[in-house]
Amino acid sequence: MAFLTQSKVIKEFEQNGFALVRNPFSDARIEALTKAIESFRESQKSAVFAGFRNLLKECSTVKEFAKSREIREIVVALQGEKSKPVRSIFFDKTPASNWYVTWHQDLSIAVEQRIDTEGFGPWSVKEGTIHTQPPREILENIVSLRIHLDPCPAENGAIKFIAGSHANGILESAEVPKRAETGSVTECPAEKGDVILMRPLILHSSSKSTTPDHRRVLHLEFSAIDLPNGLNWTEA
Ligand SMILES: O=C(O)CCC(=O)C(=O)O
């Protein structure tokens with residue numbers, strides 16, 4: 001990102017809890033990333049699988065991509081040199097595998113093993129990976145990058161945000177629908193290669209896709225901090 005663009009995006013991101021970075025990648029890089037993810041998906045025998053985790057560990061192209069110059073430029077500007085990728089999820093909405101996501105905050109992190117620690121919990125296992133809810137400060141240090149591998153206009157289930165809703169910490173569950181009803185909703189369509197930056201605590205949702213197209217998104221989370229008490233990020 002050029003310096004001016006970068007400072008504008010950072011300001012927007014800090015204020016609203018999300019921001020759009022227009023495709024900073026070469027076409028070749030996005031094609032190579034998509035191809036690697038599709039080969040991985042094929043190896044999992046899950047051609048219509050809506051999503052999977054742990055790509056940073058299991059797909060070397062994704063691991064290299066997360067450390068690419070274009071990604072480092074964004075995350076270092078937001079988190080400093082210590083920023084590292086800590087979690088990955090791949091989503092694909094298609095007519096065969098389509099869903100809506102209700103308003104929520106992202107409250108979980110993935111860790112290598114369960115070590116009961118003050119401020120952490122509840123614990124859960126998602127597709128074989130241990131997850132826990134960490135304290136607010138850890139969530140506030142995370143930045144998520146959604147890299148779009150397909151065009152994602154509104155009708156392809158574009159993500160929606162309530163601007164500024166990340167600023168009040170972890171909301172009581174009864175508070176979530178109230179805020180969604182009263183807050184102002186911004187829908188965030190994206191082009192192939194665009195990156196949507198978001199704070200995990202921002203209220204977000206998405207509709208079902210109404211197109212016959214793929215809607216592939218690589219979701220990467222970054223943090224600049226180490227976890228306490230022997231806990232480790234599972235994918236760092
Ligand atoms: O990709 C989407 O539509 C929503 C994903 C989501 O809700 C999330 O990353 O928590």
# chains A, B, ... in the order shown; residues from 1 in each chain; ligands from 1
$ closest_atom_pairs --of "chain A" --to "ligand 1" --cutoff "10 Å" --atoms "only C-alpha atoms and all ligand atoms" --output "CSV"
residue,atom,partner,partner_atom_place_in_ligand_line,distance
A:Gly51,CA,ligand 1,1 (O),9.7
A:Ser88,CA,ligand 1,9 (O),10.0
A:Ile89,CA,ligand 1,9 (O),8.0
A:Phe90,CA,ligand 1,1 (O),8.8
A:Phe91,CA,ligand 1,1 (O),6.3
A:Asp92,CA,ligand 1,1 (O),8.0
A:Lys93,CA,ligand 1,3 (O),8.2
A:Asn98,CA,ligand 1,3 (O),9.8
A:Trp99,CA,ligand 1,3 (O),8.2
A:Tyr100,CA,ligand 1,3 (O),7.0
A:Val101,CA,ligand 1,7 (O),5.8
A:Thr102,CA,ligand 1,7 (O),7.7
A:Trp103,CA,ligand 1,7 (O),7.9
A:His104,CA,ligand 1,7 (O),7.2
A:Gln105,CA,ligand 1,10 (O),7.0
A:Asp106,CA,ligand 1,10 (O),5.5
A:Leu107,CA,ligand 1,10 (O),8.9
A:Ser108,CA,ligand 1,10 (O),9.7
A:Ser144,CA,ligand 1,9 (O),8.5
A:Leu145,CA,ligand 1,9 (O),9.6
A:Arg146,CA,ligand 1,9 (O),8.2
A:His148,CA,ligand 1,1 (O),9.9
A:Asn156,CA,ligand 1,3 (O),9.5
A:Gly157,CA,ligand 1,3 (O),6.3
A:Ala158,CA,ligand 1,3 (O),6.5
A:Ile159,CA,ligand 1,3 (O),5.3
A:Lys160,CA,ligand 1,3 (O),8.3
A:Met198,CA,ligand 1,9 (O),9.4
A:Pro200,CA,ligand 1,10 (O),7.7
A:Leu201,CA,ligand 1,10 (O),9.8
A:Ile202,CA,ligand 1,10 (O),9.8
A:Leu203,CA,ligand 1,7 (O),9.1
A:His204,CA,ligand 1,7 (O),6.3
A:Ser205,CA,ligand 1,7 (O),5.7
A:Ser206,CA,ligand 1,3 (O),4.6
A:Ser207,CA,ligand 1,3 (O),7.1
A:Lys208,CA,ligand 1,3 (O),8.2
A:Ser209,CA,ligand 1,3 (O),9.3
A:Arg215,CA,ligand 1,1 (O),8.7
A:Arg216,CA,ligand 1,1 (O),8.6
A:Val217,CA,ligand 1,1 (O),6.8
A:Leu218,CA,ligand 1,1 (O),9.0
A:His219,CA,ligand 1,9 (O),6.8
A:Leu220,CA,ligand 1,9 (O),9.4
A:Glu221,CA,ligand 1,9 (O),9.9
$ select_by_dssp --residues "range 28-196 of chain A" --states "alpha helix (DSSP H)" --output "PyMOL selection string"
chain A and resi 28-43+55-58+60-66+69-79+136-140+175-182
$ write_last_selection --atoms "N, CA and C atoms" --output "short mmCIF file (atom, residue, chain, number, x, y, z; two decimals), in the first residue's frame"
data_model
loop_
_atom_site.label_atom_id
_atom_site.label_comp_id
_atom_site.auth_asym_id
_atom_site.auth_seq_id
_atom_site.Cartn_x
_atom_site.Cartn_y
_atom_site.Cartn_z
N ALA A 28 -1.16 -13.48 -10.75
CA ALA A 28 -0.50 -14.79 -10.65
C ALA A 28 -0.51 -15.29 -9.21
N ARG A 29 -0.34 -14.38 -8.25
CA ARG A 29 -0.31 -14.82 -6.85
C ARG A 29 -1.68 -15.33 -6.41
N ILE A 30 -2.73 -14.63 -6.81
CA ILE A 30 -4.08 -15.06 -6.42
C ILE A 30 -4.43 -16.39 -7.10
N GLU A 31 -4.00 -16.52 -8.37
CA GLU A 31 -4.26 -17.79 -9.08
C GLU A 31 -3.52 -18.94 -8.39
N ALA A 32 -2.26 -18.71 -8.01
CA ALA A 32 -1.47 -19.77 -7.37
C ALA A 32 -2.07 -20.16 -6.01
N LEU A 33 -2.52 -19.14 -5.29
CA LEU A 33 -3.13 -19.40 -3.98
C LEU A 33 -4.41 -20.22 -4.14
N THR A 34 -5.24 -19.81 -5.10
CA THR A 34 -6.52 -20.51 -5.34
C THR A 34 -6.25 -21.95 -5.75
N LYS A 35 -5.26 -22.13 -6.63
CA LYS A 35 -4.94 -23.48 -7.12
C LYS A 35 -4.48 -24.36 -5.96
N ALA A 36 -3.63 -23.80 -5.10
CA ALA A 36 -3.11 -24.60 -3.97
C ALA A 36 -4.24 -24.98 -3.01
N ILE A 37 -5.16 -24.05 -2.77
CA ILE A 37 -6.27 -24.35 -1.86
C ILE A 37 -7.18 -25.40 -2.48
N GLU A 38 -7.41 -25.29 -3.79
CA GLU A 38 -8.27 -26.29 -4.45
C GLU A 38 -7.60 -27.67 -4.44
N SER A 39 -6.27 -27.73 -4.63
CA SER A 39 -5.59 -29.05 -4.56
C SER A 39 -5.72 -29.60 -3.16
N PHE A 40 -5.59 -28.72 -2.18
CA PHE A 40 -5.71 -29.18 -0.79
C PHE A 40 -7.13 -29.71 -0.55
N ARG A 41 -8.11 -28.96 -1.06
CA ARG A 41 -9.51 -29.37 -0.87
C ARG A 41 -9.73 -30.75 -1.51
N GLU A 42 -9.16 -30.93 -2.70
CA GLU A 42 -9.31 -32.22 -3.39
C GLU A 42 -8.67 -33.34 -2.58
N SER A 43 -7.50 -33.02 -1.99
CA SER A 43 -6.81 -34.05 -1.20
C SER A 43 -7.63 -34.43 0.03
N LEU A 55 -5.07 -24.29 7.47
CA LEU A 55 -4.32 -24.23 6.21
C LEU A 55 -2.90 -23.72 6.41
N LEU A 56 -2.71 -22.91 7.44
CA LEU A 56 -1.36 -22.38 7.69
C LEU A 56 -0.41 -23.51 8.03
N LYS A 57 -0.97 -24.57 8.62
CA LYS A 57 -0.15 -25.71 9.01
C LYS A 57 -0.05 -26.72 7.87
N GLU A 58 -1.14 -26.85 7.12
CA GLU A 58 -1.24 -27.99 6.22
C GLU A 58 -1.03 -27.66 4.73
N SER A 60 1.46 -25.42 2.35
CA SER A 60 2.65 -24.56 2.39
C SER A 60 2.43 -23.26 1.60
N THR A 61 1.63 -23.31 0.53
CA THR A 61 1.39 -22.08 -0.25
C THR A 61 0.67 -21.04 0.60
N VAL A 62 -0.28 -21.49 1.43
CA VAL A 62 -1.01 -20.54 2.29
C VAL A 62 -0.04 -19.96 3.33
N LYS A 63 0.81 -20.81 3.86
CA LYS A 63 1.80 -20.36 4.87
C LYS A 63 2.71 -19.29 4.26
N GLU A 64 3.19 -19.56 3.05
CA GLU A 64 4.07 -18.57 2.38
C GLU A 64 3.30 -17.29 2.05
N PHE A 65 2.06 -17.47 1.62
CA PHE A 65 1.23 -16.30 1.26
C PHE A 65 1.04 -15.39 2.49
N ALA A 66 0.83 -16.01 3.65
CA ALA A 66 0.60 -15.22 4.88
C ALA A 66 1.83 -14.42 5.27
N ARG A 69 5.16 -10.29 0.97
CA ARG A 69 5.42 -8.85 1.15
C ARG A 69 4.12 -8.07 1.27
N GLU A 70 3.14 -8.40 0.43
CA GLU A 70 1.88 -7.64 0.42
C GLU A 70 1.13 -7.77 1.75
N ILE A 71 1.13 -8.98 2.29
CA ILE A 71 0.43 -9.21 3.57
C ILE A 71 1.23 -8.57 4.72
N ARG A 72 2.56 -8.75 4.69
CA ARG A 72 3.39 -8.17 5.76
C ARG A 72 3.21 -6.66 5.81
N GLU A 73 3.12 -6.04 4.65
CA GLU A 73 2.98 -4.58 4.60
C GLU A 73 1.73 -4.14 5.38
N ILE A 74 0.66 -4.91 5.22
CA ILE A 74 -0.59 -4.56 5.90
C ILE A 74 -0.47 -4.84 7.41
N VAL A 75 -0.06 -6.06 7.76
CA VAL A 75 -0.12 -6.42 9.18
C VAL A 75 0.96 -5.71 10.00
N VAL A 76 2.11 -5.46 9.40
CA VAL A 76 3.15 -4.73 10.15
C VAL A 76 2.69 -3.29 10.41
N ALA A 77 2.00 -2.70 9.42
CA ALA A 77 1.48 -1.34 9.62
C ALA A 77 0.47 -1.32 10.77
N LEU A 78 -0.26 -2.41 10.95
CA LEU A 78 -1.30 -2.43 11.99
C LEU A 78 -0.80 -2.94 13.34
N GLN A 79 0.18 -3.87 13.30
CA GLN A 79 0.56 -4.54 14.55
C GLN A 79 2.05 -4.48 14.86
N ARG A 136 -10.58 -10.19 26.59
CA ARG A 136 -10.80 -9.10 25.63
C ARG A 136 -9.50 -8.56 25.01
N GLU A 137 -8.48 -8.38 25.88
CA GLU A 137 -7.25 -7.71 25.38
C GLU A 137 -6.60 -8.54 24.26
N ILE A 138 -6.72 -9.86 24.37
CA ILE A 138 -6.11 -10.71 23.33
C ILE A 138 -6.90 -10.59 22.03
N LEU A 139 -8.23 -10.57 22.16
CA LEU A 139 -9.07 -10.41 20.95
C LEU A 139 -8.83 -9.03 20.33
N GLU A 140 -8.62 -8.04 21.17
CA GLU A 140 -8.43 -6.68 20.64
C GLU A 140 -7.09 -6.53 19.91
N GLU A 175 -27.33 -8.57 24.01
CA GLU A 175 -27.01 -7.23 23.50
C GLU A 175 -26.80 -7.26 21.97
N VAL A 176 -26.38 -8.41 21.45
CA VAL A 176 -26.00 -8.51 20.03
C VAL A 176 -27.16 -8.15 19.08
N PRO A 177 -28.34 -8.80 19.21
CA PRO A 177 -29.42 -8.43 18.28
C PRO A 177 -29.88 -6.98 18.47
N LYS A 178 -29.82 -6.48 19.70
CA LYS A 178 -30.23 -5.08 19.94
C LYS A 178 -29.32 -4.13 19.18
N ARG A 179 -28.01 -4.37 19.30
CA ARG A 179 -27.06 -3.50 18.59
C ARG A 179 -27.23 -3.61 17.08
N ALA A 180 -27.51 -4.85 16.62
CA ALA A 180 -27.67 -5.06 15.18
C ALA A 180 -28.90 -4.31 14.66
N GLU A 181 -29.94 -4.27 15.49
CA GLU A 181 -31.17 -3.58 15.08
C GLU A 181 -30.98 -2.07 15.04
N THR A 182 -30.24 -1.54 16.00
CA THR A 182 -30.14 -0.10 16.11
C THR A 182 -28.91 0.49 15.40
#
$ closest_residue --among "A:Asn16, A:Ser83, A:Ser26, A:Gln113" --to "Gly230 in chain A" --atoms "only C-alpha atoms"
A:Gln113
$ closest_residue --among "A:Asn23, A:Thr129, A:Gln15, A:Thr94" --to "Ile162 in chain A" --atoms "only C-alpha atoms"
A:Gln15
$ atom_distance --atom1 "CA of Ile130 in chain A" --atom2 "CA of Arg199 in chain A"
21.2 Å
$ closest_residue --among "A:Glu187, A:Glu81, A:Glu118, A:Glu127" --to "Leu231 in chain A" --atoms "only C-alpha atoms"
A:Glu118
$ closest_residue --among "A:Lys45, A:Lys82, A:Lys192, A:Arg87" --to "Arg22 in chain A" --atoms "only C-alpha atoms"
A:Lys192
$ decode --residues "range 122-171 of chain A" --atoms "N, CA and C atoms" --output "PDB file, in the first residue's frame"
ATOM      1  N   PRO A 122     -15.184 -20.281  27.758  1.00  0.00           N
ATOM      2  CA  PRO A 122     -15.225 -21.738  27.676  1.00  0.00           C
ATOM      3  C   PRO A 122     -14.307 -22.307  26.583  1.00  0.00           C
ATOM      4  N   TRP A 123     -14.075 -23.628  26.704  1.00  0.00           N
ATOM      5  CA  TRP A 123     -13.238 -24.362  25.755  1.00  0.00           C
ATOM      6  C   TRP A 123     -14.129 -25.197  24.842  1.00  0.00           C
ATOM      7  N   SER A 124     -13.656 -25.430  23.623  1.00  0.00           N
ATOM      8  CA  SER A 124     -14.437 -26.278  22.710  1.00  0.00           C
ATOM      9  C   SER A 124     -13.479 -26.904  21.701  1.00  0.00           C
ATOM     10  N   VAL A 125     -13.981 -27.873  20.949  1.00  0.00           N
ATOM     11  CA  VAL A 125     -13.180 -28.476  19.882  1.00  0.00           C
ATOM     12  C   VAL A 125     -13.947 -28.301  18.577  1.00  0.00           C
ATOM     13  N   LYS A 126     -13.314 -27.622  17.600  1.00  0.00           N
ATOM     14  CA  LYS A 126     -13.948 -27.420  16.292  1.00  0.00           C
ATOM     15  C   LYS A 126     -13.106 -28.157  15.265  1.00  0.00           C
ATOM     16  N   GLU A 127     -13.723 -29.114  14.591  1.00  0.00           N
ATOM     17  CA  GLU A 127     -13.029 -29.935  13.596  1.00  0.00           C
ATOM     18  C   GLU A 127     -11.657 -30.391  14.095  1.00  0.00           C
ATOM     19  N   GLY A 128     -11.633 -30.870  15.320  1.00  0.00           N
ATOM     20  CA  GLY A 128     -10.406 -31.451  15.866  1.00  0.00           C
ATOM     21  C   GLY A 128      -9.434 -30.438  16.457  1.00  0.00           C
ATOM     22  N   THR A 129      -9.747 -29.156  16.367  1.00  0.00           N
ATOM     23  CA  THR A 129      -8.821 -28.138  16.898  1.00  0.00           C
ATOM     24  C   THR A 129      -9.388 -27.534  18.186  1.00  0.00           C
ATOM     25  N   ILE A 130      -8.534 -27.412  19.181  1.00  0.00           N
ATOM     26  CA  ILE A 130      -8.982 -26.877  20.475  1.00  0.00           C
ATOM     27  C   ILE A 130      -9.150 -25.360  20.366  1.00  0.00           C
ATOM     28  N   HIS A 131     -10.291 -24.875  20.807  1.00  0.00           N
ATOM     29  CA  HIS A 131     -10.572 -23.438  20.804  1.00  0.00           C
ATOM     30  C   HIS A 131     -10.925 -22.974  22.208  1.00  0.00           C
ATOM     31  N   THR A 132     -10.640 -21.728  22.477  1.00  0.00           N
ATOM     32  CA  THR A 132     -11.031 -21.139  23.746  1.00  0.00           C
ATOM     33  C   THR A 132     -11.352 -19.671  23.544  1.00  0.00           C
ATOM     34  N   GLN A 133     -12.141 -19.141  24.454  1.00  0.00           N
ATOM     35  CA  GLN A 133     -12.408 -17.688  24.427  1.00  0.00           C
ATOM     36  C   GLN A 133     -11.387 -17.008  25.330  1.00  0.00           C
ATOM     37  N   PRO A 134     -10.526 -16.181  24.746  1.00  0.00           N
ATOM     38  CA  PRO A 134      -9.500 -15.507  25.554  1.00  0.00           C
ATOM     39  C   PRO A 134     -10.045 -14.197  26.125  1.00  0.00           C
ATOM     40  N   PRO A 135      -9.305 -13.558  27.016  1.00  0.00           N
ATOM     41  CA  PRO A 135      -9.728 -12.246  27.498  1.00  0.00           C
ATOM     42  C   PRO A 135      -9.786 -11.222  26.359  1.00  0.00           C
ATOM     43  N   ARG A 136     -10.577 -10.193  26.592  1.00  0.00           N
ATOM     44  CA  ARG A 136     -10.803  -9.105  25.625  1.00  0.00           C
ATOM     45  C   ARG A 136      -9.504  -8.560  25.009  1.00  0.00           C
ATOM     46  N   GLU A 137      -8.480  -8.378  25.876  1.00  0.00           N
ATOM     47  CA  GLU A 137      -7.252  -7.713  25.379  1.00  0.00           C
ATOM     48  C   GLU A 137      -6.597  -8.541  24.263  1.00  0.00           C
ATOM     49  N   ILE A 138      -6.718  -9.862  24.366  1.00  0.00           N
ATOM     50  CA  ILE A 138      -6.107 -10.710  23.329  1.00  0.00           C
ATOM     51  C   ILE A 138      -6.902 -10.589  22.031  1.00  0.00           C
ATOM     52  N   LEU A 139      -8.235 -10.568  22.156  1.00  0.00           N
ATOM     53  CA  LEU A 139      -9.071 -10.407  20.953  1.00  0.00           C
ATOM     54  C   LEU A 139      -8.826  -9.030  20.326  1.00  0.00           C
ATOM     55  N   GLU A 140      -8.622  -8.038  21.166  1.00  0.00           N
ATOM     56  CA  GLU A 140      -8.427  -6.678  20.635  1.00  0.00           C
ATOM     57  C   GLU A 140      -7.087  -6.534  19.910  1.00  0.00           C
ATOM     58  N   ASN A 141      -6.188  -7.465  20.169  1.00  0.00           N
ATOM     59  CA  ASN A 141      -4.897  -7.407  19.479  1.00  0.00           C
ATOM     60  C   ASN A 141      -4.920  -8.125  18.124  1.00  0.00           C
ATOM     61  N   ILE A 142      -6.005  -8.853  17.868  1.00  0.00           N
ATOM     62  CA  ILE A 142      -6.042  -9.638  16.618  1.00  0.00           C
ATOM     63  C   ILE A 142      -6.567  -8.790  15.465  1.00  0.00           C
ATOM     64  N   VAL A 143      -5.969  -8.980  14.292  1.00  0.00           N
ATOM     65  CA  VAL A 143      -6.556  -8.422  13.077  1.00  0.00           C
ATOM     66  C   VAL A 143      -6.789  -9.583  12.112  1.00  0.00           C
ATOM     67  N   SER A 144      -7.994  -9.613  11.537  1.00  0.00           N
ATOM     68  CA  SER A 144      -8.344 -10.669  10.579  1.00  0.00           C
ATOM     69  C   SER A 144      -8.316 -10.090   9.169  1.00  0.00           C
ATOM     70  N   LEU A 145      -7.744 -10.848   8.253  1.00  0.00           N
ATOM     71  CA  LEU A 145      -7.717 -10.448   6.837  1.00  0.00           C
ATOM     72  C   LEU A 145      -8.551 -11.456   6.062  1.00  0.00           C
ATOM     73  N   ARG A 146      -9.542 -10.963   5.346  1.00  0.00           N
ATOM     74  CA  ARG A 146     -10.354 -11.838   4.480  1.00  0.00           C
ATOM     75  C   ARG A 146      -9.897 -11.608   3.045  1.00  0.00           C
ATOM     76  N   ILE A 147      -9.221 -12.604   2.482  1.00  0.00           N
ATOM     77  CA  ILE A 147      -8.713 -12.466   1.113  1.00  0.00           C
ATOM     78  C   ILE A 147      -9.725 -13.118   0.173  1.00  0.00           C
ATOM     79  N   HIS A 148     -10.257 -12.313  -0.731  1.00  0.00           N
ATOM     80  CA  HIS A 148     -11.323 -12.792  -1.622  1.00  0.00           C
ATOM     81  C   HIS A 148     -10.729 -13.454  -2.862  1.00  0.00           C
ATOM     82  N   LEU A 149     -11.107 -14.705  -3.082  1.00  0.00           N
ATOM     83  CA  LEU A 149     -10.593 -15.448  -4.235  1.00  0.00           C
ATOM     84  C   LEU A 149     -11.568 -15.412  -5.412  1.00  0.00           C
ATOM     85  N   ASP A 150     -12.752 -14.832  -5.182  1.00  0.00           N
ATOM     86  CA  ASP A 150     -13.774 -14.666  -6.235  1.00  0.00           C
ATOM     87  C   ASP A 150     -14.389 -13.283  -6.054  1.00  0.00           C
ATOM     88  N   PRO A 151     -14.990 -12.749  -7.131  1.00  0.00           N
ATOM     89  CA  PRO A 151     -15.748 -11.504  -6.936  1.00  0.00           C
ATOM     90  C   PRO A 151     -16.861 -11.768  -5.921  1.00  0.00           C
ATOM     91  N   CYS A 152     -17.089 -10.809  -5.056  1.00  0.00           N
ATOM     92  CA  CYS A 152     -18.123 -10.997  -4.028  1.00  0.00           C
ATOM     93  C   CYS A 152     -19.016  -9.756  -3.966  1.00  0.00           C
ATOM     94  N   PRO A 153     -19.920  -9.615  -4.968  1.00  0.00           N
ATOM     95  CA  PRO A 153     -20.896  -8.519  -4.897  1.00  0.00           C
ATOM     96  C   PRO A 153     -21.928  -8.843  -3.805  1.00  0.00           C
ATOM     97  N   ALA A 154     -22.810  -7.883  -3.531  1.00  0.00           N
ATOM     98  CA  ALA A 154     -23.792  -8.064  -2.446  1.00  0.00           C
ATOM     99  C   ALA A 154     -24.543  -9.386  -2.586  1.00  0.00           C
ATOM    100  N   GLU A 155     -24.930  -9.727  -3.830  1.00  0.00           N
ATOM    101  CA  GLU A 155     -25.760 -10.933  -4.002  1.00  0.00           C
ATOM    102  C   GLU A 155     -24.982 -12.235  -3.846  1.00  0.00           C
ATOM    103  N   ASN A 156     -23.667 -12.124  -3.684  1.00  0.00           N
ATOM    104  CA  ASN A 156     -22.849 -13.325  -3.459  1.00  0.00           C
ATOM    105  C   ASN A 156     -22.515 -13.473  -1.969  1.00  0.00           C
ATOM    106  N   GLY A 157     -23.396 -12.940  -1.111  1.00  0.00           N
ATOM    107  CA  GLY A 157     -23.221 -13.129   0.338  1.00  0.00           C
ATOM    108  C   GLY A 157     -22.114 -12.276   0.937  1.00  0.00           C
ATOM    109  N   ALA A 158     -22.011 -11.026   0.462  1.00  0.00           N
ATOM    110  CA  ALA A 158     -20.958 -10.127   0.988  1.00  0.00           C
ATOM    111  C   ALA A 158     -21.121  -9.937   2.502  1.00  0.00           C
ATOM    112  N   ILE A 159     -20.000  -9.753   3.175  1.00  0.00           N
ATOM    113  CA  ILE A 159     -20.048  -9.577   4.635  1.00  0.00           C
ATOM    114  C   ILE A 159     -20.609  -8.188   4.980  1.00  0.00           C
ATOM    115  N   LYS A 160     -21.299  -8.131   6.136  1.00  0.00           N
ATOM    116  CA  LYS A 160     -21.869  -6.852   6.609  1.00  0.00           C
ATOM    117  C   LYS A 160     -21.308  -6.563   8.000  1.00  0.00           C
ATOM    118  N   PHE A 161     -21.158  -5.279   8.286  1.00  0.00           N
ATOM    119  CA  PHE A 161     -20.602  -4.868   9.580  1.00  0.00           C
ATOM    120  C   PHE A 161     -21.468  -3.791  10.223  1.00  0.00           C
ATOM    121  N   ILE A 162     -21.407  -3.716  11.552  1.00  0.00           N
ATOM    122  CA  ILE A 162     -21.942  -2.547  12.256  1.00  0.00           C
ATOM    123  C   ILE A 162     -20.712  -1.726  12.649  1.00  0.00           C
ATOM    124  N   ALA A 163     -20.517  -0.622  11.950  1.00  0.00           N
ATOM    125  CA  ALA A 163     -19.298   0.170  12.151  1.00  0.00           C
ATOM    126  C   ALA A 163     -19.152   0.586  13.616  1.00  0.00           C
ATOM    127  N   GLY A 164     -17.964   0.438  14.135  1.00  0.00           N
ATOM    128  CA  GLY A 164     -17.647   0.891  15.489  1.00  0.00           C
ATOM    129  C   GLY A 164     -18.053  -0.087  16.581  1.00  0.00           C
ATOM    130  N   SER A 165     -18.710  -1.191  16.231  1.00  0.00           N
ATOM    131  CA  SER A 165     -19.238  -2.084  17.280  1.00  0.00           C
ATOM    132  C   SER A 165     -18.152  -2.934  17.955  1.00  0.00           C
ATOM    133  N   HIS A 166     -16.914  -2.798  17.485  1.00  0.00           N
ATOM    134  CA  HIS A 166     -15.810  -3.536  18.109  1.00  0.00           C
ATOM    135  C   HIS A 166     -15.300  -2.829  19.370  1.00  0.00           C
ATOM    136  N   ALA A 167     -15.777  -1.598  19.576  1.00  0.00           N
ATOM    137  CA  ALA A 167     -15.139  -0.751  20.599  1.00  0.00           C
ATOM    138  C   ALA A 167     -15.651  -1.005  22.018  1.00  0.00           C
ATOM    139  N   ASN A 168     -16.658  -1.862  22.164  1.00  0.00           N
ATOM    140  CA  ASN A 168     -17.246  -2.049  23.493  1.00  0.00           C
ATOM    141  C   ASN A 168     -16.963  -3.416  24.094  1.00  0.00           C
ATOM    142  N   GLY A 169     -15.910  -4.050  23.618  1.00  0.00           N
ATOM    143  CA  GLY A 169     -15.508  -5.330  24.196  1.00  0.00           C
ATOM    144  C   GLY A 169     -16.447  -6.457  23.827  1.00  0.00           C
ATOM    145  N   ILE A 170     -16.446  -7.498  24.680  1.00  0.00           N
ATOM    146  CA  ILE A 170     -17.268  -8.687  24.427  1.00  0.00           C
ATOM    147  C   ILE A 170     -18.691  -8.372  24.871  1.00  0.00           C
ATOM    148  N   LEU A 171     -19.636  -8.466  23.945  1.00  0.00           N
ATOM    149  CA  LEU A 171     -21.022  -8.090  24.265  1.00  0.00           C
ATOM    150  C   LEU A 171     -21.760  -9.272  24.884  1.00  0.00           C
TER     151      LEU A 171
END
